[in-house]
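In what follows, a structure is listed as structure tokens, so that the remarks can point back to it.
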Amino acid sequence: MSDKVALLTGTSSGFGMLASLRFLEKGYRVVATMRDLNKKSELLERARGLGCESRLDCMKLDVTSEADIRHAMEQVREKYGRVDVLVNNAGYAVGGAAEEVPMEEWRKLMDTNLFGVIAMTQSVLPLMREQGSGTIINVSSVSGRIGIPGYSPYCTSKFALEGFSESLRHEVSGFGIKTVLICPGAYNTSIWDKGFDHIHVTEASPYRPLLDAVLGYSRRTAESAPDPDEIARKIVWLAGKKSPSLRYTYGKGSLQSMLGKSLLPWRWFERILAVALKKSDTGK
């Protein structure tokens, strides 16, 4: 794998950092990008501990900045001349009732979670087409398949990412390029803490009882969430897979939830979700 190059976004923590380390372990050259390079120290230290630091290249890249993307891709093309894997991982969560989340916050979220993915994909496709190969792995979420009350901005961004990825897969498969969605459920990453900090709600909000229930459910789920390294390993496995499917779902209860939505009458599924939130609200 010494000539294989993996380019990842959002690598200062969570899935991005862990996947970078797993790619290094597999022998890839890793271009680990992040918005703030001051946050690269943990990744560098852990790569050093693995004896892989020489194959790690940390670059500044804000996926909402066309200039950052252009500059990073110029460096990648000059240094490596190829990109074998793109992992679009950068993203964050915003919560609140749809009526109350400011439009500015909706736009900022979509700019990162959706338009940032599209811009990164556009930037690597010419190189992958020249190579006649490549894998694009978009980190989605179960929230891209099941709408969750109180997280409509985040769900909207991930639902859109699912549609983009499905269309993209059809468009680029003829060039030897694979498109894959990985859809984690709840895992123990910093997106939970950041998401809790981005809940838009006031004491007087008519949605306060619902949002309190959602927040309580989310916090309890986060406390028992599994190790995110499971997803990091799956990402690397998918990168090496010859003929991957479009979508892979992981996480406790995730497959059951998606099957429930697909197979149950909508009224039943809606009722199950309402009951789960009510139990969370009462602490039962």
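Chain labels run A, B, ... following the order of the structure tokens; each chain numbers its residues from 1, and ligands are numbered from 1 in the order shown.
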
List every residue of range 214-266 of chain A that has an atom at most 12 Å from any atom of range 162-175 of chain A, and for each one report the closest atom pair and its distance in Å to one decimal, counting only C-alpha atoms, with rows sorted by chain and then by increasing residue number, as JSON lines.
```
{"residue": "A:Ser243", "atom": "CA", "partner": "A:Ser173", "partner_atom": "CA", "distance": 10.7}
{"residue": "A:Pro244", "atom": "CA", "partner": "A:Arg169", "partner_atom": "CA", "distance": 11.0}
{"residue": "A:Ser245", "atom": "CA", "partner": "A:Arg169", "partner_atom": "CA", "distance": 10.1}
{"residue": "A:Leu246", "atom": "CA", "partner": "A:Glu166", "partner_atom": "CA", "distance": 7.2}
{"residue": "A:Arg247", "atom": "CA", "partner": "A:Glu162", "partner_atom": "CA", "distance": 9.0}
{"residue": "A:Tyr248", "atom": "CA", "partner": "A:Glu162", "partner_atom": "CA", "distance": 11.7}
```

Would you output that residue set with all heavy atoms, as a PDB file, in the first residue's frame?
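Okay, again29.pdb is ready:
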```
ATOM      1  N   SER A 243     -15.727  -4.573  -4.729  1.00  0.00           N
ATOM      2  CA  SER A 243     -17.054  -4.205  -5.234  1.00  0.00           C
ATOM      3  C   SER A 243     -17.977  -3.886  -4.062  1.00  0.00           C
ATOM      4  O   SER A 243     -18.890  -4.654  -3.746  1.00  0.00           O
ATOM      5  CB  SER A 243     -17.638  -5.342  -6.080  1.00  0.00           C
ATOM      6  OG  SER A 243     -16.796  -5.638  -7.169  1.00  0.00           O
ATOM      7  N   PRO A 244     -17.771  -2.748  -3.411  1.00  0.00           N
ATOM      8  CA  PRO A 244     -18.612  -2.415  -2.256  1.00  0.00           C
ATOM      9  C   PRO A 244     -20.031  -2.056  -2.672  1.00  0.00           C
ATOM     10  O   PRO A 244     -20.272  -1.583  -3.785  1.00  0.00           O
ATOM     11  CB  PRO A 244     -17.899  -1.207  -1.644  1.00  0.00           C
ATOM     12  CG  PRO A 244     -17.213  -0.562  -2.810  1.00  0.00           C
ATOM     13  CD  PRO A 244     -16.796  -1.697  -3.710  1.00  0.00           C
ATOM     14  N   SER A 245     -20.971  -2.299  -1.786  1.00  0.00           N
ATOM     15  CA  SER A 245     -22.345  -1.842  -1.999  1.00  0.00           C
ATOM     16  C   SER A 245     -22.398  -0.333  -1.775  1.00  0.00           C
ATOM     17  O   SER A 245     -21.404   0.291  -1.375  1.00  0.00           O
ATOM     18  CB  SER A 245     -23.290  -2.550  -1.031  1.00  0.00           C
ATOM     19  OG  SER A 245     -23.273  -3.944  -1.265  1.00  0.00           O
ATOM     20  N   LEU A 246     -23.551   0.242  -2.027  1.00  0.00           N
ATOM     21  CA  LEU A 246     -23.693   1.681  -1.834  1.00  0.00           C
ATOM     22  C   LEU A 246     -23.644   2.058  -0.363  1.00  0.00           C
ATOM     23  O   LEU A 246     -22.996   3.036   0.018  1.00  0.00           O
ATOM     24  CB  LEU A 246     -25.021   2.167  -2.429  1.00  0.00           C
ATOM     25  CG  LEU A 246     -25.434   3.606  -2.069  1.00  0.00           C
ATOM     26  CD1 LEU A 246     -24.454   4.618  -2.643  1.00  0.00           C
ATOM     27  CD2 LEU A 246     -26.848   3.893  -2.547  1.00  0.00           C
ATOM     28  N   ARG A 247     -24.323   1.294   0.498  1.00  0.00           N
ATOM     29  CA  ARG A 247     -24.576   1.757   1.862  1.00  0.00           C
ATOM     30  C   ARG A 247     -24.256   0.675   2.896  1.00  0.00           C
ATOM     31  O   ARG A 247     -24.624  -0.484   2.729  1.00  0.00           O
ATOM     32  CB  ARG A 247     -26.037   2.175   1.993  1.00  0.00           C
ATOM     33  CG  ARG A 247     -26.431   2.769   3.312  1.00  0.00           C
ATOM     34  CD  ARG A 247     -27.896   3.156   3.322  1.00  0.00           C
ATOM     35  NE  ARG A 247     -28.187   4.300   2.451  1.00  0.00           N
ATOM     36  CZ  ARG A 247     -28.775   4.210   1.271  1.00  0.00           C
ATOM     37  NH1 ARG A 247     -29.162   3.014   0.795  1.00  0.00           N
ATOM     38  NH2 ARG A 247     -29.002   5.286   0.548  1.00  0.00           N
ATOM     39  N   TYR A 248     -23.598   1.092   3.988  1.00  0.00           N
ATOM     40  CA  TYR A 248     -23.304   0.189   5.096  1.00  0.00           C
ATOM     41  C   TYR A 248     -23.721   0.881   6.389  1.00  0.00           C
ATOM     42  O   TYR A 248     -23.327   2.021   6.650  1.00  0.00           O
ATOM     43  CB  TYR A 248     -21.809  -0.136   5.144  1.00  0.00           C
ATOM     44  CG  TYR A 248     -21.346  -0.961   3.954  1.00  0.00           C
ATOM     45  CD1 TYR A 248     -21.044  -0.350   2.738  1.00  0.00           C
ATOM     46  CD2 TYR A 248     -21.249  -2.345   4.034  1.00  0.00           C
ATOM     47  CE1 TYR A 248     -20.646  -1.096   1.641  1.00  0.00           C
ATOM     48  CE2 TYR A 248     -20.840  -3.107   2.941  1.00  0.00           C
ATOM     49  CZ  TYR A 248     -20.549  -2.468   1.748  1.00  0.00           C
ATOM     50  OH  TYR A 248     -20.150  -3.214   0.656  1.00  0.00           O
TER      51      TYR A 248
END
```

Check which residues of range 162-224 of chain A sit at most 12 Å from range 263-274 of chain A using only C-alpha atoms, and return one row each with the closest pair of atoms and their distance in Å to one decimal, ordered by chain and rising number, as a tab-separated table.
```
residue	atom	partner	partner_atom	distance
A:Leu210	CA	A:Ala274	CA	9.7
A:Ala213	CA	A:Ala274	CA	10.0
A:Val214	CA	A:Ala274	CA	10.1
A:Tyr217	CA	A:Leu273	CA	11.0
```

Restricting the calculation to only C-alpha atoms, which member of A:Lys4, A:Arg46, A:Lys26, A:Lys40 is positioned closest to Gly81 in chain A?
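Nearest candidate to Gly81 in chain A out of A:Lys4, A:Arg46, A:Lys26, A:Lys40: A:Lys4.
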
DSSP alpha helix (DSSP H) selection over range 26-106 of chain A, as a PyMOL selection string
chain A and resi 41-49+66-79+103-106

Between A:Cys183, A:Lys108, A:Phe159, A:Val124, which is the closest to Glu74 in chain A once you count only C-alpha atoms?
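Of A:Cys183, A:Lys108, A:Phe159, A:Val124, the one nearest Glu74 in chain A, counting only C-alpha atoms, is A:Val124.
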
Who sits within 8 Å of Ile231 in chain A, only C-alpha atoms, same chain under 2 positions skipped, as a list in words
Phe15, Ala19, Pro184, Pro228, Asp229, Arg233, Lys234, Ile235 and Tyr250 of chain A

Of A:Ile118, A:Val63, A:Ala98, A:Ala239, the one nearest to Ile177 in chain A when counting only C-alpha atoms is A:Ala239

What parts of range 71-112 of chain A does DSSP call strand (DSSP E or B)? I'd like the answer as an mmCIF file with all heavy atoms, in the first residue's frame.
```
data_model
loop_
_atom_site.group_PDB
_atom_site.id
_atom_site.type_symbol
_atom_site.label_atom_id
_atom_site.label_comp_id
_atom_site.auth_asym_id
_atom_site.auth_seq_id
_atom_site.Cartn_x
_atom_site.Cartn_y
_atom_site.Cartn_z
ATOM 1 N N VAL A 85 -8.216 7.135 -2.188
ATOM 2 C CA VAL A 85 -9.392 7.124 -1.320
ATOM 3 C C VAL A 85 -9.656 8.537 -0.828
ATOM 4 O O VAL A 85 -8.740 9.215 -0.343
ATOM 5 C CB VAL A 85 -9.195 6.205 -0.094
ATOM 6 C CG1 VAL A 85 -10.490 6.140 0.728
ATOM 7 C CG2 VAL A 85 -8.745 4.819 -0.497
ATOM 8 N N LEU A 86 -10.885 8.990 -0.971
ATOM 9 C CA LEU A 86 -11.333 10.233 -0.344
ATOM 10 C C LEU A 86 -12.362 9.868 0.711
ATOM 11 O O LEU A 86 -13.365 9.212 0.400
ATOM 12 C CB LEU A 86 -11.956 11.173 -1.368
ATOM 13 C CG LEU A 86 -12.702 12.400 -0.785
ATOM 14 C CD1 LEU A 86 -11.736 13.338 -0.069
ATOM 15 C CD2 LEU A 86 -13.456 13.150 -1.883
ATOM 16 N N VAL A 87 -12.118 10.288 1.949
ATOM 17 C CA VAL A 87 -13.094 10.082 3.023
ATOM 18 C C VAL A 87 -13.660 11.445 3.412
ATOM 19 O O VAL A 87 -12.959 12.272 4.024
ATOM 20 C CB VAL A 87 -12.467 9.387 4.248
ATOM 21 C CG1 VAL A 87 -13.535 9.194 5.343
ATOM 22 C CG2 VAL A 87 -11.859 8.045 3.862
ATOM 23 N N ASN A 88 -14.890 11.699 3.039
ATOM 24 C CA ASN A 88 -15.572 12.950 3.391
ATOM 25 C C ASN A 88 -16.195 12.782 4.774
ATOM 26 O O ASN A 88 -17.311 12.280 4.923
ATOM 27 C CB ASN A 88 -16.650 13.271 2.354
ATOM 28 C CG ASN A 88 -16.078 13.848 1.080
ATOM 29 O OD1 ASN A 88 -15.278 14.779 1.117
ATOM 30 N ND2 ASN A 88 -16.468 13.291 -0.055
ATOM 31 N N GLY A 95 -29.002 21.237 16.515
ATOM 32 C CA GLY A 95 -30.318 20.773 16.928
ATOM 33 C C GLY A 95 -31.257 21.916 17.254
ATOM 34 O O GLY A 95 -30.854 23.079 17.355
ATOM 35 N N GLY A 96 -32.504 21.555 17.418
ATOM 36 C CA GLY A 96 -33.533 22.535 17.725
ATOM 37 C C GLY A 96 -34.748 22.281 16.862
ATOM 38 O O GLY A 96 -34.703 21.493 15.919
#
```

Considering only C-alpha atoms, return as a count of residues only whatever protein or nucleic-acid residues lie within 9 Å of Ser54 in chain A, sequence-local ones (same chain, fewer than 6 positions apart) excluded.
3

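CA of Met59 in chain A lies 9.7 Å from CA of Val76 in chain A.
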
When you count only C-alpha atoms, which of these residues is closest to Ser13 in chain A: A:Tyr92, A:Tyr80, A:Trp106, A:Tyr28?
A:Tyr92

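The closest residue to Ser143 in chain A, picked from A:Asp111, A:Asp68, A:Thr249, A:Ala97 and counting only C-alpha atoms, is A:Thr249.
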